[in-house]
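Trainee: One structure, as structure tokens, below. Some questions next.
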Amino acid sequence: MMTAVNCPHGRMEFDYSCAISRTSQTKLTAITDRLLMDAGSLHKDALVIDTHIDTATHLLWRSPDFSQRLSEGHVDIPRLRAGGVDAAMFAVWIDEGFSNEHALKLVLRGIDAIHRTIASYPDDLMFARTAADVRKAREQGKIAVLITIEGGRVICDDLGILRMLNDLGVCSITLAWGAATGWIDSHNHQRHGGLTAFGREVVREMQRLNMLVDISHVSEAAFWEVLNIAERPVFASHSSCRALLDHTRNMWDPMIEAMAKNDGVININFFGGFIGANPDSGNVEAPLRKPAIYRDPFDRIAYPVPEPGPPLSRLVDHFNHAIRVAGAEHVGIGSDFDGVTQLPQGMEDMSKLPALTSGLLDAGHSESVVRAVLGENDLRLFEKTLS
Ligand SMILES: [Zn+2]
């Protein structure tokens with residue numbers, strides 16, 4: 001008897017007519033079950049972690065009803081659920097138009113906004129700062145919310161403030177954002193040749209506190225210095241591959257290789273401007289249109305551009321490349337949802353995340369590789385760094 005089953009790579013036929021023992025039958029059932037698991041079921045079953053979303057900016061400036069499907073932005077509880085997300089790092093980002101001291105005040109309010117949102121929807125959200133917390137949230141059917149800060153300038157050159165932010169639940173800091181801080185250069189602004197002596201203290205203190213050091217946004221020189229002094233794994237919360245698109249926010253292959261040696265994870269950014277348009281179109285990077293007046297900082301980072309984003313395959317290309325260079329154990333998801341103005345077609349918001357699983361399976365990756373990239377790699381990283 002020939003039985004046809006659908007698997008992620010097409011339709012396969014099996015001959016069940018031969019006499020087989022009960023044990024073999026059980027094994028065969030397990031194999032066919034696995035083959036039957038389509039992209040949607042695999043995505044639903046897998047642990048899914050996104051290491052960078054800018055949703056805190058939405059929460060801070062507009063206090064939306066997060067339980068509703070919102071008309072603006074890319075993330076809310078219904079879309080986190082539809083996207084099968086188990087854990088996400090909510091980054092508190094403050095526009096560089098504010099002074100460091102004013103930014104620190106706004107960061108405190110951003111952290112408060114995240115904690116209040118978690119408290120408002122206890123059936124859906126759970127505060128997390130460790131791998132164990134992420135597992136506990138998943139067991140209870142809740143989404144783990146980890147709090148991070150994007151832009152190390154808000155510590156106001158003070159390790160005491162760094163420690164207090166950690167006490168408030170911040171488990172990771174992206175060392176720089178747009179401009180160089182007083183102690184580290186950024187990807188497009190260099191004034192220290194990398195990291196100052198105080199910058200080295202910041203990295204060491206973060207690792208001593210069991211915080212995750214995030215090298216997305218830093219300059220190349222700063223990246224290599226951080227890696228040289230890091231005694232534990234570091235990560236790129238939202239960076240893509242520079243070999244595919246030469247943008248200063250992306251990482252060259254030797255940097256990706258070094259991250260893998262450090263046992264870190266590069267989490268691929270979904271922004272159209274970083275992953276690039278279809279190479280055949282001749283358009284390498286969608287132009288950023290900035291409206292003259294922003295309603296608030298959420299408009300500044302998430303105001304959509306009218307041009308369609310690159311095809312989803314272009315995003316999968318970045319995952320494929322990073323997997324080739326770093327190995328499948330060192331790649332993850334750092335979507336940048338709620339912080340970018342253009343996304344790949346078919347990946348317009350968090351609810352579309354299962355399309356990535358389809359794309360990775362179609363690209364020929366095994367189920368175990370897909371599971372690793374979707375979240376297991378970052379959970380392992382959390383286990384080694386956060387407590
Ligand atoms: Zn960023």
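Simple scheme: letters A, B, ... for chains in structure tokens order, numbers from 1 for residues in each chain, numbers from 1 for ligands in the order shown.
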Could you please extract the residues within 7 Å of ligand 1, counting only C-alpha atoms and all ligand atoms, and hand them back as a VMD selection string?

Mentor: chain A and resid 150 177 217 238 336

Trainee: Using only C-alpha atoms, which protein or nucleic acid residues come within 9 Å of Ala363 in chain A? Drop anything in the same chain fewer than 5 positions from it, and give the result as number ranges by chain.

Mentor: A: 316-317, 320, 358

Trainee: Taking the DSSP assignment computed from this structure's backbone, write out as a VMD selection string all residues of range 36-228 of chain A that belong to helix (DSSP H, G or I).

Mentor: chain A and resid 36 39 to 45 55 to 62 77 to 82 100 to 120 131 to 139 152 to 155 159 to 167 197 to 208 220 to 228

Trainee: Any idea what the distance is between CA of Leu379 in chain A and CA of Asp86 in chain A?

Mentor: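 We find that CA of Leu379 in chain A and CA of Asp86 in chain A lie 10.7 Å from each other.
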
Trainee: Which polymer residues have any atom within 7 Å of an atom of range 153-156 of chain A, counting only C-alpha atoms, with same-chain residues fewer than 3 positions away left out, as an MDAnalysis selection string?

Mentor: chainID A and resid 100:101 103:104 161:162 181

Trainee: Need the shell around Ile256 in chain A: protein/DNA/RNA residues with any atom at most 9 Å away, counting only C-alpha atoms. Skip same-chain ones fewer than 4 positions apart. Format as an mmCIF file with C-alpha atoms, in the first residue's frame?

Mentor:
data_model
loop_
_atom_site.group_PDB
_atom_site.id
_atom_site.type_symbol
_atom_site.label_atom_id
_atom_site.label_comp_id
_atom_site.auth_asym_id
_atom_site.auth_seq_id
_atom_site.Cartn_x
_atom_site.Cartn_y
_atom_site.Cartn_z
ATOM 1 C CA CYS A 241 25.743 40.251 6.725
ATOM 2 C CA MET A 251 29.050 42.496 9.926
ATOM 3 C CA TRP A 252 31.960 41.347 7.745
ATOM 4 C CA ALA A 260 31.149 32.053 16.533
ATOM 5 C CA LYS A 261 34.552 31.350 18.124
ATOM 6 C CA VAL A 265 25.120 34.539 18.301
ATOM 7 C CA ILE A 266 24.532 36.881 15.357
ATOM 8 C CA ALA A 322 25.471 33.676 8.418
ATOM 9 C CA VAL A 325 30.081 31.482 7.940
ATOM 10 C CA ALA A 326 29.311 31.030 11.649
ATOM 11 C CA HIS A 330 25.528 30.815 16.124
#

Trainee: Could you give me, as a PDB file with N, CA and C atoms, in the first residue's frame, the residues within 10 Å of Leu209 in chain A, counting only C-alpha atoms and dropping anything in the same chain fewer than 6 positions from it?

Mentor:
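What follows is the written file around_28.pdb:
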ATOM      1  N   LEU A 162      24.927  51.860  35.689  1.00  0.00           N
ATOM      2  CA  LEU A 162      24.842  50.565  34.999  1.00  0.00           C
ATOM      3  C   LEU A 162      24.308  49.491  35.956  1.00  0.00           C
ATOM      4  N   ARG A 163      24.870  49.457  37.165  1.00  0.00           N
ATOM      5  CA  ARG A 163      24.441  48.428  38.139  1.00  0.00           C
ATOM      6  C   ARG A 163      22.976  48.624  38.539  1.00  0.00           C
ATOM      7  N   ASN A 166      20.690  47.400  35.852  1.00  0.00           N
ATOM      8  CA  ASN A 166      20.646  45.938  35.933  1.00  0.00           C
ATOM      9  C   ASN A 166      19.664  45.514  37.030  1.00  0.00           C
ATOM     10  N   ASP A 167      19.704  46.209  38.159  1.00  0.00           N
ATOM     11  CA  ASP A 167      18.781  45.890  39.262  1.00  0.00           C
ATOM     12  C   ASP A 167      17.320  46.089  38.868  1.00  0.00           C
ATOM     13  N   CYS A 171      18.781  43.295  31.221  1.00  0.00           N
ATOM     14  CA  CYS A 171      19.724  42.169  31.154  1.00  0.00           C
ATOM     15  C   CYS A 171      20.764  42.344  30.048  1.00  0.00           C
ATOM     16  N   VAL A 203      32.441  46.994  29.728  1.00  0.00           N
ATOM     17  CA  VAL A 203      32.273  45.622  29.212  1.00  0.00           C
ATOM     18  C   VAL A 203      32.537  44.612  30.331  1.00  0.00           C
ATOM     19  N   THR A 385      25.195  33.235  29.846  1.00  0.00           N
ATOM     20  CA  THR A 385      25.546  34.622  30.158  1.00  0.00           C
ATOM     21  C   THR A 385      24.649  35.281  31.205  1.00  0.00           C
ATOM     22  N   LEU A 386      23.358  35.010  31.159  1.00  0.00           N
ATOM     23  CA  LEU A 386      22.427  35.743  32.026  1.00  0.00           C
ATOM     24  C   LEU A 386      22.150  35.005  33.331  1.00  0.00           C
ATOM     25  N   SER A 387      22.045  35.744  34.408  1.00  0.00           N
ATOM     26  CA  SER A 387      21.556  35.139  35.654  1.00  0.00           C
ATOM     27  C   SER A 387      21.063  36.251  36.564  1.00  0.00           C
TER      28      SER A 387
END

Trainee: Which neighbours of range 53-56 of chain A fall inside 7 Å, counting only C-alpha atoms, when residues of the same chain fewer than 5 positions from it are skipped, and could you give them as a ChimeraX atom specification?

Mentor: /A:75,89-92,110,114,335-339

Trainee: Hey, what's within 7 Å of range 345-348 of chain A if we count only C-alpha atoms and toss same-chain stuff fewer than 2 positions away? As number ranges by chain, please?

Mentor: A: 308-312, 343, 352-353

Trainee: Please save N, CA and C atoms of the selected residues as a CSV table (one decimal), in the first residue's frame.

Mentor:
chain,number,residue,atom,x,y,z
A,308,PRO,N,8.0,49.1,-1.7
A,308,PRO,CA,7.9,47.7,-1.2
A,308,PRO,C,9.3,47.3,-0.8
A,309,GLY,N,9.4,46.5,0.2
A,309,GLY,CA,10.6,45.9,0.7
A,309,GLY,C,11.2,44.9,-0.2
A,310,PRO,N,12.4,44.4,0.1
A,310,PRO,CA,13.0,43.3,-0.7
A,310,PRO,C,12.2,42.0,-0.5
A,311,PRO,N,12.4,41.1,-1.5
A,311,PRO,CA,11.6,39.8,-1.3
A,311,PRO,C,12.1,39.1,-0.1
A,312,LEU,N,11.2,38.2,0.4
A,312,LEU,CA,11.6,37.5,1.6
A,312,LEU,C,12.8,36.6,1.4
A,343,LEU,N,10.3,46.6,5.6
A,343,LEU,CA,10.5,45.2,5.9
A,343,LEU,C,10.3,44.3,4.6
A,352,LYS,N,4.0,37.5,10.9
A,352,LYS,CA,4.4,36.8,9.7
A,352,LYS,C,5.7,35.9,9.9
A,353,LEU,N,6.1,35.9,11.2
A,353,LEU,CA,7.4,35.2,11.4
A,353,LEU,C,7.4,33.7,10.9

Trainee: Using only C-alpha atoms, which residue out of A:Ala243, A:Ile77, A:His43, A:Ile215 lies closest to Leu361 in chain A?

Mentor: A:His43

Trainee: Could you check which of A:Val202, A:Val213, A:Ile143, A:Ala222 is closest to Asn188 in chain A, using only C-alpha atoms?

Mentor: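 Of all the options, A:Ala222 lies closest to Asn188 in chain A.
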
Trainee: Provide the CA of Asp299 in chain A to CA of Ile49 in chain A distance in Å, to one decimal place.

Mentor: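 So the two atoms, CA of Asp299 in chain A and CA of Ile49 in chain A, lie 25.3 Å apart.
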
Trainee: Considering only C-alpha atoms, state which residue in the set A:Leu381, A:Ile111, A:Ile333, A:Ala87 is at the smallest distance from Leu212 in chain A.

Mentor: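 Of A:Leu381, A:Ile111, A:Ile333, A:Ala87, the one nearest Leu212 in chain A is A:Leu381, counting only C-alpha atoms.
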